[in-house]
Amino acid sequence: LVGSEMCIRDRISEVFPTSVRAKGQVFGSMTHWTWCALLTWVFPTLVESGLSVPTFCFFALMAALTFAFAMKLPVTKNKSLEEIQRELT
């Protein structure tokens, strides 16, 4: 799961039509960095309160679910947005 951040940035740039791509990029990046900031704040707080094992298990589960979701995404290499949309509908 190392490097999944780049997958997020790559996918965000591909899923929005050209007409709204800039706004979609901003929204996706803002959401991503907001959750990263919250995680950075919450994780040490939970560990210090004695919940290290449940905290680790929760984040391990989330990482596994993220990996499973990423494996189900279609390959988009050398495909136009229109081709990807046809495959998904």
# chains A, B, ... in the order shown; residues from 1 in each chain; ligands from 1
>>> residues_around(residues="A:Glu82", least_positions_apart="2", cutoff="12 Å", atoms="only C-alpha atoms", output="list in words")
Glu14, Val15, Phe16, Pro17, Thr18, Thr76, Asn78, Lys79, Ser80, Ile84, Gln85, Arg86, Glu87, Leu88 and Thr89 of chain A
>>> select_by_dssp(residues="chain A", states="alpha helix (DSSP H)", output="ChimeraX atom specification")
/A:4-15,21-48,52-72,81-88
>>> atom_distance(atom1="atom CA of A:Trp41", atom2="atom CA of A:Phe59")
14.0 Å
>>> atom_distance(atom1="atom CA of A:Phe43", atom2="atom CA of A:Phe56")
9.0 Å
>>> atom_distance(atom1="atom CA of A:Met30", atom2="atom CA of A:Lys77")
25.2 Å
>>> closest_residue(among="A:Ile12, A:Phe69, A:Val53, A:Glu48", to="A:Val26", atoms="only C-alpha atoms")
A:Ile12
>>> residues_around(residues="A:Thr55", least_positions_apart="5", cutoff="9 Å", atoms="only C-alpha atoms", output="list in words")
Phe43, Leu46, Val47 and Ala60 of chain A
>>> write_last_selection(atoms="C-alpha atoms", output="short mmCIF file (atom, residue, chain, number, x, y, z; two decimals), in the first residue's frame")
data_model
loop_
_atom_site.label_atom_id
_atom_site.label_comp_id
_atom_site.auth_asym_id
_atom_site.auth_seq_id
_atom_site.Cartn_x
_atom_site.Cartn_y
_atom_site.Cartn_z
CA PHE A 43 -3.90 8.68 15.77
CA LEU A 46 -5.98 7.37 20.48
CA VAL A 47 -2.69 5.59 21.08
CA ALA A 60 -5.18 -1.90 9.13
#
>>> decode(residues="stretch 19-32 of chain A", atoms="all heavy atoms", output="JSON list (two decimals), in the first residue's frame")
[["chain", "number", "residue", "atom", "x", "y", "z"],
["A", 19, "SER", "N", -14.44, 19.90, -18.50],
["A", 19, "SER", "CA", -15.15, 21.12, -18.14],
["A", 19, "SER", "C", -15.15, 21.40, -16.63],
["A", 19, "SER", "O", -15.25, 22.55, -16.22],
["A", 19, "SER", "CB", -16.60, 21.06, -18.64],
["A", 19, "SER", "OG", -17.27, 19.96, -18.04],
["A", 20, "VAL", "N", -15.02, 20.38, -15.80],
["A", 20, "VAL", "CA", -15.03, 20.57, -14.34],
["A", 20, "VAL", "C", -13.78, 20.00, -13.68],
["A", 20, "VAL", "O", -13.74, 19.87, -12.46],
["A", 20, "VAL", "CB", -16.29, 19.95, -13.70],
["A", 20, "VAL", "CG1", -17.54, 20.65, -14.15],
["A", 20, "VAL", "CG2", -16.36, 18.46, -13.96],
["A", 21, "ARG", "N", -12.78, 19.68, -14.47],
["A", 21, "ARG", "CA", -11.59, 19.01, -13.93],
["A", 21, "ARG", "C", -10.88, 19.84, -12.87],
["A", 21, "ARG", "O", -10.45, 19.32, -11.84],
["A", 21, "ARG", "CB", -10.63, 18.64, -15.05],
["A", 21, "ARG", "CG", -9.47, 17.80, -14.55],
["A", 21, "ARG", "CD", -8.71, 17.15, -15.65],
["A", 21, "ARG", "NE", -9.57, 16.14, -16.25],
["A", 21, "ARG", "CZ", -9.37, 15.62, -17.44],
["A", 21, "ARG", "NH1", -8.36, 16.02, -18.17],
["A", 21, "ARG", "NH2", -10.19, 14.71, -17.93],
["A", 22, "ALA", "N", -10.73, 21.14, -13.08],
["A", 22, "ALA", "CA", -10.02, 21.98, -12.10],
["A", 22, "ALA", "C", -10.75, 21.97, -10.76],
["A", 22, "ALA", "O", -10.12, 21.80, -9.71],
["A", 22, "ALA", "CB", -9.89, 23.39, -12.63],
["A", 23, "LYS", "N", -12.06, 22.15, -10.78],
["A", 23, "LYS", "CA", -12.83, 22.13, -9.53],
["A", 23, "LYS", "C", -12.78, 20.75, -8.88],
["A", 23, "LYS", "O", -12.71, 20.63, -7.66],
["A", 23, "LYS", "CB", -14.27, 22.56, -9.78],
["A", 23, "LYS", "CG", -14.40, 24.02, -10.14],
["A", 23, "LYS", "CD", -15.83, 24.41, -10.40],
["A", 23, "LYS", "CE", -15.91, 25.87, -10.80],
["A", 23, "LYS", "NZ", -17.25, 26.29, -11.12],
["A", 24, "GLY", "N", -12.83, 19.72, -9.68],
["A", 24, "GLY", "CA", -12.75, 18.36, -9.15],
["A", 24, "GLY", "C", -11.40, 18.09, -8.51],
["A", 24, "GLY", "O", -11.32, 17.45, -7.45],
["A", 25, "GLN", "N", -10.33, 18.56, -9.14],
["A", 25, "GLN", "CA", -8.99, 18.41, -8.57],
["A", 25, "GLN", "C", -8.89, 19.12, -7.23],
["A", 25, "GLN", "O", -8.34, 18.58, -6.28],
["A", 25, "GLN", "CB", -7.94, 18.99, -9.52],
["A", 25, "GLN", "CG", -7.62, 18.12, -10.71],
["A", 25, "GLN", "CD", -6.70, 17.00, -10.34],
["A", 25, "GLN", "OE1", -7.12, 15.86, -10.31],
["A", 25, "GLN", "NE2", -5.46, 17.31, -10.05],
["A", 26, "VAL", "N", -9.42, 20.33, -7.16],
["A", 26, "VAL", "CA", -9.38, 21.09, -5.91],
["A", 26, "VAL", "C", -10.16, 20.35, -4.83],
["A", 26, "VAL", "O", -9.69, 20.18, -3.70],
["A", 26, "VAL", "CB", -9.93, 22.51, -6.11],
["A", 26, "VAL", "CG1", -10.16, 23.21, -4.78],
["A", 26, "VAL", "CG2", -8.99, 23.32, -6.97],
["A", 27, "PHE", "N", -11.36, 19.91, -5.15],
["A", 27, "PHE", "CA", -12.19, 19.20, -4.16],
["A", 27, "PHE", "C", -11.52, 17.91, -3.71],
["A", 27, "PHE", "O", -11.46, 17.62, -2.51],
["A", 27, "PHE", "CB", -13.58, 18.90, -4.75],
["A", 27, "PHE", "CG", -14.44, 18.13, -3.81],
["A", 27, "PHE", "CD1", -15.01, 18.74, -2.71],
["A", 27, "PHE", "CD2", -14.68, 16.78, -4.02],
["A", 27, "PHE", "CE1", -15.80, 18.02, -1.83],
["A", 27, "PHE", "CE2", -15.47, 16.05, -3.15],
["A", 27, "PHE", "CZ", -16.04, 16.67, -2.05],
["A", 28, "GLY", "N", -11.00, 17.14, -4.64],
["A", 28, "GLY", "CA", -10.34, 15.88, -4.30],
["A", 28, "GLY", "C", -9.10, 16.09, -3.45],
["A", 28, "GLY", "O", -8.88, 15.40, -2.46],
["A", 29, "SER", "N", -8.27, 17.05, -3.82],
["A", 29, "SER", "CA", -7.06, 17.33, -3.04],
["A", 29, "SER", "C", -7.40, 17.87, -1.66],
["A", 29, "SER", "O", -6.77, 17.49, -0.67],
["A", 29, "SER", "CB", -6.18, 18.34, -3.78],
["A", 29, "SER", "OG", -5.68, 17.77, -4.95],
["A", 30, "MET", "N", -8.40, 18.76, -1.59],
["A", 30, "MET", "CA", -8.82, 19.31, -0.30],
["A", 30, "MET", "C", -9.34, 18.21, 0.62],
["A", 30, "MET", "O", -8.98, 18.15, 1.80],
["A", 30, "MET", "CB", -9.90, 20.37, -0.51],
["A", 30, "MET", "CG", -10.34, 21.06, 0.76],
["A", 30, "MET", "SD", -11.59, 22.31, 0.48],
["A", 30, "MET", "CE", -12.96, 21.32, -0.10],
["A", 31, "THR", "N", -10.15, 17.32, 0.09],
["A", 31, "THR", "CA", -10.67, 16.22, 0.88],
["A", 31, "THR", "C", -9.54, 15.31, 1.35],
["A", 31, "THR", "O", -9.48, 14.92, 2.53],
["A", 31, "THR", "CB", -11.68, 15.41, 0.05],
["A", 31, "THR", "OG1", -12.70, 16.28, -0.40],
["A", 31, "THR", "CG2", -12.30, 14.28, 0.84],
["A", 32, "HIS", "N", -8.64, 14.99, 0.46],
["A", 32, "HIS", "CA", -7.51, 14.12, 0.79],
["A", 32, "HIS", "C", -6.66, 14.72, 1.91],
["A", 32, "HIS", "O", -6.36, 14.04, 2.90],
["A", 32, "HIS", "CB", -6.66, 13.90, -0.46],
["A", 32, "HIS", "CG", -5.39, 13.16, -0.22],
["A", 32, "HIS", "ND1", -5.37, 11.82, 0.07],
["A", 32, "HIS", "CD2", -4.11, 13.57, -0.21],
["A", 32, "HIS", "CE1", -4.11, 11.44, 0.24],
["A", 32, "HIS", "NE2", -3.35, 12.48, 0.08]]
